Each structure stands twice: as C-alpha cells, then as structure tokens.
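Structure, as structure tokens:
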Amino acid sequence: MAPEITEDNVTVELGEAFYNQHMRIDREITIASLAAFNETIDRIESYVDSFAATGIRGLRAASKLGISATLNDIDPDVSGLIGRNIVSNGLQSHCEAANENANMLLHRRRFDAVDLDPFGSPAPYLAAASHSVRKMLLVTATDTAPLCGAHLKSGIRKYACVPMNNEYHAEIGVRVLLGSIARALAVVDGATIPLLAYARRHYVRVYVRVLKRVSSADDSMKKLGFIVHCPQCSFRRLVAGLAPLMSGECPLCGSMMQAAGPLWLGHLHDYAFCESVLSELNEQGSDKHAIKLVEMCRDEIDAPTFYDYHRICHTIGISPMRIDLAVDKLRNSGFEVSRTHFSGTAFKTDADIRAITRVLSDEV
Ligand SMILES: C[S@@+](CC[C@H](N)C(=O)[O-])C[C@H]1O[C@@H](n2cnc3c(N)ncnc32)[C@H](O)[C@@H]1O
Ligand SMILES: [Zn+2]
C-alpha cells in the first residue's frame, strides 16, 4: 500500500510529495489561527495553500472549518496527487487542486487567506500574495541564514534590508521578514497587523492580518526602522523611520555601533488573538509543543530585542542562577520583563543593558 499519513481527521497519500513531520506544529497553529480569525476578527471564506505538496494543510482547513480551499502546486504529478487526496477524503465540495506557479495563481485570483509555504525564501512571492490577499497572510521562511545575517549579501538581495548576526539574530529574522511583508503590502495600499510571529528550528512563521486601507498602510510604514546595536557592550537603540539619522558611537562604551534595517519595529503578537488560538488548540487536543509555543508568544512583552542571560553573566563575571530568578529580580526592580520563545536562556525587558547589569550584579 502507498505510504499515508494522518493528521487530525485527514489522511493523505504521500507519493513523491514533500511532507515534513516537524512542521506539523505549524499546521496545527495554522488551523487554529484560521479558526481564531474566523471567530474573532472576520470571516474567512476562501484559503489558498499556494505551495501545497500533499495538500494536507488545506484539506485540514476545509475539513475542520468548512473553508473553501485551493491547494496549488507547480509540480503536475504532485497536483495530481492532491486531486486524489481531495477525493479520498471526500472533500470535493470544499477543495480544488491547482497546478500553477504560485505567482501566476496569486496574480490571477483573490483569496481571503493566502498561505506561502515555499522551499526557502518567500520573498519572490510577496508581491503576488499581497495583490491576492484580502484578509490574512500566513508566511513561512526557511531561509534563516539570509534573514538572520549569516548570509549577508543574500539577505540584502532578498529583503532589501541589512540584517545582523548577533545574539538575538532569530528575532532579527522575524522582523526582517515582517518588514519586507509590510513594504510589499503597502505597495497595494495594504496594512500589516501581526497576529503571531515566531522563529523555530530552521524557519520563521508569521500570521498577519491585512487591511486594504491607505491610512492603515501609512501607519504600518511608520513601524519600520532600524535597530542599532553595540557589539562590544550589547547596548541597543531603536530608530524609527526609513531615512533616520543614526550616530555611529555607543553612548556607553564608545565602540562603533552597527545598524540593521529597515525592519519591523512594531509588535509581533496580538494578545487576544493568541488567547483565541490557544483555546482552539486546546479544543483540538493539539500537540503540547504547539500550545507551549503560542503561550510563550502570548506572554512576551512588546520589546523589539532580547538579552541572552548567560552572555550577560559572562560579561559581569557572575555564575548564572535559574533564569526565572533573574527575571523576578528585574521585575522586582520595577522593570517590565518576560521570557521569550526565541531562546530558553534569554529574556525581554524594557531595562537597558546598564540597568540589567546593575540589577543582576546586585548593585541595587
Ligand atoms: C515546503 S513544500 C509545501 C508543504 C505544504 N504546505 C505542507 O504543509 O505540507 C513546497 C511545495 O511547493 C512546490 N513549489 C515549488 N515552487 C513552486 C512555485 N513556484 N509555485 C507553486 N508551487 C511550488 C513544491 O513542488 C513543493 O511541493
Ligand atoms: Zn557599547
């Protein structure tokens, strides 16, 4: 018998199509996000998985939520397999298979929710997706080396942005992608309103509400700017705008600072949306890793970088205690602080590096 896989109440034949077990978490969160959007923001009537492979994502959306789903793949054999998977799940009334280059399909047709899940970078498809989408954009990027600054030139070419490879490069990657989405949507007078955004394993995934309204698109553009970082002492500063003045020297240690951007400086998650996704995930009896990830995102404070606790301890010359205790210490000193999904040894805070050093080295 041909190999099959079952997720939720959908079973697909795998054939020669791509299927990644590790990305099941994203499929769980995708279905929960579509449901949460439907419940709390606006009705999603049509959804396209523009890079569908087996079709499992769209089949699950159709089966669970009754959404009309288009499952597209450029490979004719894979698209044929999608067609068979639609029939074997009895979802002909809700699903259609398509066989086009995603860019052609998305320039030709409009959908309430557009999902981009390509191999590598979504950058070549953002213009077409922005044209097609009415309400919600879901994007995966597996090109973390360009996004996070490890492949600098490739990142600059793909995202027209200078990334930065430092201790919070994973968050830089999410913000570079969101910045690029905001610019692509703004071209068609669309606003970017992030609902949930995370980096995990070797990829970034973002869920964005789209509003096609000029004044809101203008507001989104105001969320773009630069992160200026001192590689010597870890001081950082945010500079909003696309043509800002940025001084070169660190005000703390006098070293030359480095700038990353233009990238997204606004919020990454919508608290109420995350709550709603969590109740959907709990209702689905979802994977506990998916639930934990969304909980961590929900609980993050809105601060556009994070600090690596071990690195700070090394610089101060103290041995690390449990990170929860360090977080409590900062909170008890009056700062906003949270753990972060980006790293188990990091925290986000509104304290700057000088204050963090003072509090953690007990100089308070
Ligand atoms: C990462 S897989 C998609 C996985 C799928 N969304 C899931 O949840 O299992 C990428 C798929 O995109 C298809 N593909 C590659 N380039 C494409 C293009 N330009 N337009 C449409 N499909 C494309 C590939 O054939 C492959 O099946
Ligand atoms: Zn410095």
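Please note that chains go A, B, ... in the order of the structure tokens, that every chain numbers its residues from 1, and that ligands are numbered from 1 in the order shown.
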Review point. How would you write, as a list in words, the set of residues no farther than 6 Å from ligand 1 when counting only C-alpha atoms and all ligand atoms?
Key: Ala17, Phe18, Tyr19, Ser50, Phe51, Ala52, Ala53, Ile56, Arg57, Asp73, Ile74, Asp75, Glu100, Asn101, Ala102, Asp117, Pro118 and Phe119 of chain A
**Study point:** Near-segment 130-134 of chain A list (9 Å; only C-alpha atoms; drop same-chain fewer than 3 positions) as a list in words
**Key:**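 The neighbour list is Leu105, Leu106, His107, Arg108, Arg109, Arg110, Phe111, Asp112, Ala113, Val114, Tyr125, Leu126, Ala127, Leu137, Ile181, Ala184, Leu185, Ala186, Val187, Val188, Gly190, Val210, Leu211 and Lys212 of chain A.
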Exercise for review: Check every protein, DNA and RNA residue against ligand 2, keep those with an atom at most 10 Å away (counting only C-alpha atoms and all ligand atoms), and present them as a list in words.
Suggested key: His229, Cys230, Pro231, Gln232, Cys233, Ser234, Phe235, Arg236, Glu249, Cys250, Pro251, Leu252, Cys253, Gly254, Ser255, Met256, Met257 and Ile353 of chain A
Review point. With only C-alpha atoms as the atoms that count, which of A:Asp219, A:Asp270, A:Asp324, A:Asp308 lies nearest to Phe37 of chain A?
Key: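 Counting only C-alpha atoms, the residue closest to Phe37 of chain A is A:Asp270.
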**Study point:** Close residues, Ala61 of chain A itself excluded, 12 Å, only C-alpha atoms, min 4 positions apart in chain, as a PyMOL selection string
**Key:** chain A and resi 7-10+27-35+38+44-49+55-57+65-71+91+94-95+113+115
Just the selected residues (N, CA and C atoms), exported as a CSV table (one decimal), in the first residue's frame, please.
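out_24.csv was written with the following content:
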```csv
chain,number,residue,atom,x,y,z
A,7,GLU,N,-3.3,13.3,9.8
A,7,GLU,CA,-3.3,14.4,10.8
A,7,GLU,C,-4.7,14.8,11.0
A,8,ASP,N,-5.1,14.9,12.3
A,8,ASP,CA,-6.4,15.2,12.7
A,8,ASP,C,-7.3,14.2,12.0
A,9,ASN,N,-8.4,14.6,11.3
A,9,ASN,CA,-9.2,13.5,10.6
A,9,ASN,C,-9.0,13.5,9.1
A,10,VAL,N,-7.8,13.9,8.7
A,10,VAL,CA,-7.4,13.9,7.3
A,10,VAL,C,-6.3,12.9,7.0
A,27,ARG,N,1.1,23.4,11.1
A,27,ARG,CA,-0.2,23.1,10.5
A,27,ARG,C,-1.3,23.2,11.7
A,28,GLU,N,-0.9,22.7,12.9
A,28,GLU,CA,-1.9,22.8,14.0
A,28,GLU,C,-2.2,24.3,14.2
A,29,ILE,N,-1.1,25.1,14.3
A,29,ILE,CA,-1.3,26.5,14.6
A,29,ILE,C,-2.0,27.2,13.4
A,30,THR,N,-1.7,26.8,12.2
A,30,THR,CA,-2.4,27.4,11.1
A,30,THR,C,-3.9,27.2,11.2
A,31,ILE,N,-4.4,25.9,11.4
A,31,ILE,CA,-5.8,25.7,11.5
A,31,ILE,C,-6.4,26.4,12.7
A,32,ALA,N,-5.7,26.4,13.8
A,32,ALA,CA,-6.2,27.2,15.0
A,32,ALA,C,-6.3,28.7,14.7
A,33,SER,N,-5.3,29.2,13.9
A,33,SER,CA,-5.3,30.6,13.6
A,33,SER,C,-6.4,31.0,12.6
A,34,LEU,N,-6.7,30.1,11.6
A,34,LEU,CA,-7.8,30.4,10.7
A,34,LEU,C,-9.1,30.4,11.5
A,35,ALA,N,-9.2,29.5,12.4
A,35,ALA,CA,-10.5,29.4,13.2
A,35,ALA,C,-10.6,30.6,14.1
A,38,ASN,N,-11.6,33.6,12.1
A,38,ASN,CA,-13.0,33.5,11.8
A,38,ASN,C,-13.9,33.9,13.0
A,44,ILE,N,-13.4,34.0,7.2
A,44,ILE,CA,-12.5,33.6,6.1
A,44,ILE,C,-13.3,32.6,5.3
A,45,GLU,N,-13.6,33.0,4.0
A,45,GLU,CA,-14.4,32.1,3.2
A,45,GLU,C,-13.5,31.3,2.2
A,46,SER,N,-12.4,31.9,1.9
A,46,SER,CA,-11.5,31.2,0.9
A,46,SER,C,-10.1,31.2,1.4
A,47,TYR,N,-9.4,30.1,1.2
A,47,TYR,CA,-8.0,29.9,1.6
A,47,TYR,C,-7.2,29.3,0.5
A,48,VAL,N,-6.0,29.7,0.3
A,48,VAL,CA,-5.1,29.0,-0.7
A,48,VAL,C,-3.8,28.6,0.0
A,49,ASP,N,-3.5,27.3,-0.1
A,49,ASP,CA,-2.1,26.9,0.2
A,49,ASP,C,-1.4,26.9,-1.2
A,55,GLY,N,-1.1,18.6,0.1
A,55,GLY,CA,-2.4,19.2,0.3
A,55,GLY,C,-2.9,19.2,1.7
A,56,ILE,N,-2.1,18.6,2.6
A,56,ILE,CA,-2.7,18.3,3.9
A,56,ILE,C,-3.1,19.5,4.7
A,57,ARG,N,-2.4,20.6,4.5
A,57,ARG,CA,-2.8,21.8,5.3
A,57,ARG,C,-4.2,22.3,4.9
A,65,LEU,N,-12.9,23.4,9.2
A,65,LEU,CA,-13.6,24.7,9.3
A,65,LEU,C,-14.6,25.0,8.2
A,66,GLY,N,-14.7,24.1,7.3
A,66,GLY,CA,-15.6,24.2,6.2
A,66,GLY,C,-15.2,25.4,5.3
A,67,ILE,N,-14.0,25.8,5.3
A,67,ILE,CA,-13.5,26.8,4.4
A,67,ILE,C,-13.3,26.2,3.0
A,68,SER,N,-13.5,27.1,2.0
A,68,SER,CA,-13.2,26.6,0.6
A,68,SER,C,-11.8,26.8,0.4
A,69,ALA,N,-11.1,25.7,0.1
A,69,ALA,CA,-9.6,25.7,0.0
A,69,ALA,C,-9.1,25.3,-1.4
A,70,THR,N,-8.1,26.1,-1.9
A,70,THR,CA,-7.4,25.9,-3.1
A,70,THR,C,-6.0,25.3,-2.8
A,71,LEU,N,-5.7,24.2,-3.3
A,71,LEU,CA,-4.4,23.5,-3.0
A,71,LEU,C,-3.6,23.5,-4.3
A,91,LEU,N,-13.6,15.5,0.1
A,91,LEU,CA,-13.7,16.9,0.3
A,91,LEU,C,-13.9,17.7,-1.0
A,94,HIS,N,-15.5,21.1,-1.1
A,94,HIS,CA,-14.8,22.3,-0.4
A,94,HIS,C,-13.4,22.6,-1.0
A,95,CYS,N,-12.8,21.6,-1.7
A,95,CYS,CA,-11.4,21.8,-2.1
A,95,CYS,C,-11.2,21.6,-3.6
A,113,ALA,N,-7.6,34.3,2.6
A,113,ALA,CA,-6.4,34.0,3.3
A,113,ALA,C,-5.4,33.3,2.4
A,115,ASP,N,-1.7,31.5,2.0
A,115,ASP,CA,-0.6,30.9,2.8
A,115,ASP,C,0.6,30.7,1.8
```
Exercise for review: Using only C-alpha atoms, find the one residue out of A:Arg213, A:Asp26, A:Ala191, A:Leu242 that sits nearest to Leu138 of chain A.
Suggested key: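 Counting only C-alpha atoms, the residue closest to Leu138 of chain A is A:Asp26.
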Check your understanding: In Å, with one decimal, what is the gap from atom CA of Ile156 of chain A to atom CA of Ser343 of chain A?
Key ->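 Here the two named atoms are 25.1 Å from each other.
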Point to revise | strand (DSSP E) positions in segment 125-343 of chain A, given as a ChimeraX atom specification | key: /A:133-141,190-200,203-212,224-229,236-240,258-264,307-308,337-340,343
Exercise for review: List the neighbours of Val139 of chain A out to 8 Å using only C-alpha atoms; skip same-chain residues closer than 6 positions along the sequence, and give me the result as a ChimeraX atom specification.
Suggested key: /A:115-117,122,205-207
Check your understanding: If you count only C-alpha atoms, which residues fall within 10 Å of Leu330 of chain A, apart from same-chain ones fewer than 4 positions away, as a PyMOL selection string?
Key -> chain A and resi 325-326+334-338+349-351+355-356+358-360
Check your understanding: Residues at most 10 Å from Glu16 of chain A, counting only C-alpha atoms, excluding those fewer than 3 positions away in the same chain, as a list in words?
Key ->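 Within the cut-off, the hits are Pro3, Glu13, Tyr19, Ala53, Thr54, Asp77, Val78 and Leu81 of chain A.
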